[in-house]
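Report on the structure given below.
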Amino acid sequence: RKEVEQDPGPFNVPEGATVAFNCTYSNSASQSFFWYRQDCRKEPKLLMSVYSSGNEDGRFTAQLNRASQYISLLIRDSKLSDSATYLCVVNRDSSASKIIFGSGTRLSIRP
Amino acid sequence: DTEVTQTPKHLVMGMTNKKSLKCEQHMGHRAMYWYKQKAKKPPELMFVYSYEKLSINESVPSRFSPECPNSSLLNLHLHALQPEDSALYLCASSHPYVGEVHNEQFFGPGTRLTVL
């Protein structure tokens, strides 16, 4: 089983739609959780950290369920500029800043 | 607008060449990282430096040699690479992990390396 698993997609949705991504992780000792987005041939950019209480940033909402070892990202009112690969990221080792990337979920927003 | 810079943007080298990749950050971070990313795959960790000391080497072949001259700079020295080493090499930085504090990593734009 992979340490961080995501649905690879691709998700192809119309502009204005709501889309949700899920991610599961296997290490119950993980403490830090993030969503990054990566555009084609660019570097990953931090979208948001995921906190235990859940957090929202504009159209983006992230949730963490420690009991189920599950992280989600919800994008509301999707824009064409949201088209990218979304990477779920989990830390592996609390002493060494080691993070593990999921394989990413491709999102394509159509006009 | 990234605060982590990398040079060069592109590099083409032969298998007998020696070259270096450079990374610089001005965010006061004391942890720096090298990642390798192949097409359509997520980044894979290579090395971690914490307070300018190598703390993790993910069993990377010795033809890759990292160096951290100071808290802002990170180099990756390349020698006798193979064509399969062609990839995007990403540098990142963060605050070192401390307990519950989130240590978000910020990435540079990467160096796209081609080994002929």
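Every chain in the structure tokens takes a letter, A first, then B, and so on in the order presented; its residues are numbered from 1, and the ligands are numbered from 1 following the presented order.
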Write down, as a ChimeraX atom specification, each residue of chain A that has any atom within 12 Å of an atom of chain B, counting only C-alpha atoms.
-> /A:4-6,8,29-52,85-106
Which polymer residues have any atom within 7 Å of an atom of range 19-22 of chain A, counting only C-alpha atoms, with same-chain residues fewer than 4 positions away left out, as a list in words?
-> Gln6, Ile71, Ser72, Leu73, Leu74, Ile75 and Arg76 of chain A
Residues just named, written with N, CA, C and O atoms as a PDB file, in the first residue's frame:
```pdb
ATOM      1  N   GLN A   6      -3.966   8.927  -3.750  1.00  0.00           N
ATOM      2  CA  GLN A   6      -4.942   9.849  -4.307  1.00  0.00           C
ATOM      3  C   GLN A   6      -5.547   9.239  -5.561  1.00  0.00           C
ATOM      4  O   GLN A   6      -4.891   8.461  -6.258  1.00  0.00           O
ATOM      5  N   ILE A  71      -7.798  12.897   4.085  1.00  0.00           N
ATOM      6  CA  ILE A  71      -7.743  14.341   3.892  1.00  0.00           C
ATOM      7  C   ILE A  71      -8.570  14.656   2.651  1.00  0.00           C
ATOM      8  O   ILE A  71      -8.566  13.880   1.686  1.00  0.00           O
ATOM      9  N   SER A  72      -9.241  15.789   2.669  1.00  0.00           N
ATOM     10  CA  SER A  72     -10.021  16.165   1.499  1.00  0.00           C
ATOM     11  C   SER A  72      -9.767  17.617   1.140  1.00  0.00           C
ATOM     12  O   SER A  72      -9.325  18.424   1.968  1.00  0.00           O
ATOM     13  N   LEU A  73     -10.025  17.933  -0.116  1.00  0.00           N
ATOM     14  CA  LEU A  73      -9.953  19.303  -0.610  1.00  0.00           C
ATOM     15  C   LEU A  73     -11.196  19.552  -1.446  1.00  0.00           C
ATOM     16  O   LEU A  73     -11.495  18.776  -2.353  1.00  0.00           O
ATOM     17  N   LEU A  74     -11.891  20.627  -1.125  1.00  0.00           N
ATOM     18  CA  LEU A  74     -13.101  21.000  -1.859  1.00  0.00           C
ATOM     19  C   LEU A  74     -12.836  22.337  -2.543  1.00  0.00           C
ATOM     20  O   LEU A  74     -12.370  23.277  -1.908  1.00  0.00           O
ATOM     21  N   ILE A  75     -13.122  22.384  -3.828  1.00  0.00           N
ATOM     22  CA  ILE A  75     -13.000  23.637  -4.582  1.00  0.00           C
ATOM     23  C   ILE A  75     -14.392  24.023  -5.052  1.00  0.00           C
ATOM     24  O   ILE A  75     -15.054  23.273  -5.783  1.00  0.00           O
ATOM     25  N   ARG A  76     -14.844  25.190  -4.614  1.00  0.00           N
ATOM     26  CA  ARG A  76     -16.170  25.684  -5.028  1.00  0.00           C
ATOM     27  C   ARG A  76     -16.010  26.695  -6.161  1.00  0.00           C
ATOM     28  O   ARG A  76     -14.973  27.359  -6.286  1.00  0.00           O
TER      29      ARG A  76
END
```
Fewer than 4 positions away in the same chain doesn't count, so skip those; otherwise give me all residues within 9 Å of Arg110 in chain A, counting only C-alpha atoms, as a ChimeraX atom specification.
-> /A:12-15,79-80,83
Hey, what does DSSP flag as strand (DSSP E) within chain B? Can you give it to me as a ChimeraX atom specification?
-> /B:4-7,10-13,18-25,31-37,44-50,53-57,64-70,73-79,87-94,106-107,111-115
Skip Ser62 in chain B itself and residues of its chain fewer than 3 positions away, then list as a tab-separated table (two decimals) with all heavy atoms, in the first residue's frame all residues within 12 Å of it, counting only C-alpha atoms.
```tsv
chain	number	residue	atom	x	y	z
B	46	MET	N	15.52	13.64	-2.22
B	46	MET	CA	16.89	13.15	-2.37
B	46	MET	C	17.69	13.41	-1.08
B	46	MET	O	18.25	12.50	-0.50
B	46	MET	CB	17.58	13.84	-3.54
B	46	MET	CG	16.92	13.64	-4.88
B	46	MET	SD	17.70	14.62	-6.17
B	46	MET	CE	19.28	13.77	-6.39
B	47	PHE	N	17.74	14.70	-0.69
B	47	PHE	CA	18.57	15.10	0.46
B	47	PHE	C	17.82	16.14	1.29
B	47	PHE	O	17.05	16.92	0.77
B	47	PHE	CB	19.89	15.74	0.00
B	47	PHE	CG	20.75	14.88	-0.88
B	47	PHE	CD1	20.82	15.10	-2.24
B	47	PHE	CD2	21.53	13.87	-0.32
B	47	PHE	CE1	21.62	14.33	-3.05
B	47	PHE	CE2	22.34	13.08	-1.13
B	47	PHE	CZ	22.38	13.32	-2.49
B	57	ASN	N	19.87	11.41	3.56
B	57	ASN	CA	20.28	11.04	2.21
B	57	ASN	C	19.42	9.82	1.86
B	57	ASN	O	19.58	8.77	2.47
B	57	ASN	CB	21.77	10.70	2.18
B	57	ASN	CG	22.23	10.19	0.83
B	57	ASN	OD1	21.45	9.76	-0.01
B	57	ASN	ND2	23.54	10.24	0.61
B	58	GLU	N	18.53	9.98	0.91
B	58	GLU	CA	17.60	8.90	0.57
B	58	GLU	C	18.25	7.88	-0.38
B	58	GLU	O	17.75	7.59	-1.46
B	58	GLU	CB	16.34	9.47	-0.07
B	58	GLU	CG	15.44	10.23	0.90
B	58	GLU	CD	14.64	9.30	1.78
B	58	GLU	OE1	13.53	8.89	1.42
B	58	GLU	OE2	15.15	8.98	2.88
B	59	SER	N	19.42	7.39	0.07
B	59	SER	CA	20.15	6.37	-0.73
B	59	SER	C	20.39	6.83	-2.16
B	59	SER	O	20.20	6.08	-3.12
B	59	SER	CB	19.35	5.05	-0.75
B	59	SER	OG	19.14	4.59	0.56
B	65	SER	N	26.17	14.90	-5.39
B	65	SER	CA	26.85	15.29	-4.16
B	65	SER	C	26.31	16.64	-3.69
B	65	SER	O	26.54	17.66	-4.34
B	65	SER	CB	28.35	15.38	-4.42
B	65	SER	OG	29.02	15.87	-3.29
B	66	PRO	N	25.58	16.68	-2.57
B	66	PRO	CA	25.03	17.95	-2.11
B	66	PRO	C	26.05	18.72	-1.28
B	66	PRO	O	27.00	18.15	-0.72
B	66	PRO	CB	23.85	17.51	-1.25
B	66	PRO	CG	24.30	16.21	-0.67
B	66	PRO	CD	25.17	15.56	-1.70
B	76	LEU	N	24.00	21.28	-5.65
B	76	LEU	CA	24.00	19.86	-5.97
B	76	LEU	C	25.03	19.64	-7.07
B	76	LEU	O	24.86	20.14	-8.19
B	76	LEU	CB	22.61	19.40	-6.42
B	76	LEU	CG	22.44	17.90	-6.66
B	76	LEU	CD1	22.65	17.12	-5.35
B	76	LEU	CD2	21.05	17.59	-7.22
B	77	HIS	N	26.11	18.95	-6.73
B	77	HIS	CA	27.19	18.70	-7.68
B	77	HIS	C	26.91	17.39	-8.41
B	77	HIS	O	26.55	16.38	-7.79
B	77	HIS	CB	28.53	18.65	-6.96
B	77	HIS	CG	28.83	19.90	-6.18
B	77	HIS	ND1	28.97	21.14	-6.79
B	77	HIS	CD2	28.97	20.11	-4.84
B	77	HIS	CE1	29.21	22.06	-5.86
B	77	HIS	NE2	29.22	21.46	-4.68
B	78	LEU	N	27.09	17.45	-9.73
B	78	LEU	CA	26.74	16.33	-10.59
B	78	LEU	C	27.98	15.83	-11.32
B	78	LEU	O	28.75	16.65	-11.86
B	78	LEU	CB	25.70	16.78	-11.64
B	78	LEU	CG	24.52	17.60	-11.12
B	78	LEU	CD1	23.68	18.11	-12.29
B	78	LEU	CD2	23.69	16.79	-10.15
B	79	HIS	N	28.18	14.54	-11.33
B	79	HIS	CA	29.36	13.98	-12.00
B	79	HIS	C	29.04	12.59	-12.51
B	79	HIS	O	28.51	11.77	-11.77
B	79	HIS	CB	30.53	13.94	-11.01
B	79	HIS	CG	31.73	13.23	-11.57
B	79	HIS	ND1	32.32	13.57	-12.77
B	79	HIS	CD2	32.44	12.18	-11.10
B	79	HIS	CE1	33.34	12.78	-13.00
B	79	HIS	NE2	33.45	11.92	-12.01
B	80	ALA	N	29.38	12.36	-13.78
B	80	ALA	CA	29.19	11.03	-14.39
B	80	ALA	C	27.75	10.57	-14.32
B	80	ALA	O	27.46	9.43	-13.91
B	80	ALA	CB	30.13	10.00	-13.73
B	81	LEU	N	26.85	11.45	-14.69
B	81	LEU	CA	25.42	11.10	-14.65
B	81	LEU	C	25.05	10.17	-15.80
B	81	LEU	O	25.78	10.05	-16.79
B	81	LEU	CB	24.56	12.36	-14.70
B	81	LEU	CG	24.67	13.30	-13.51
B	81	LEU	CD1	23.53	14.32	-13.55
B	81	LEU	CD2	24.66	12.57	-12.19
```
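In this structure, CA of Tyr25 in chain A sits 18.8 Å away from CA of Asn55 in chain A.
The spacing separating CA of Ile109 in chain A from CA of Asp7 in chain A amounts to 16.9 Å.
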Tell me which of A:Ser108, A:Thr61, A:Ser81, A:Ser68 sits closest to Ser28 in chain A, counting only C-alpha atoms.
-> A:Ser68
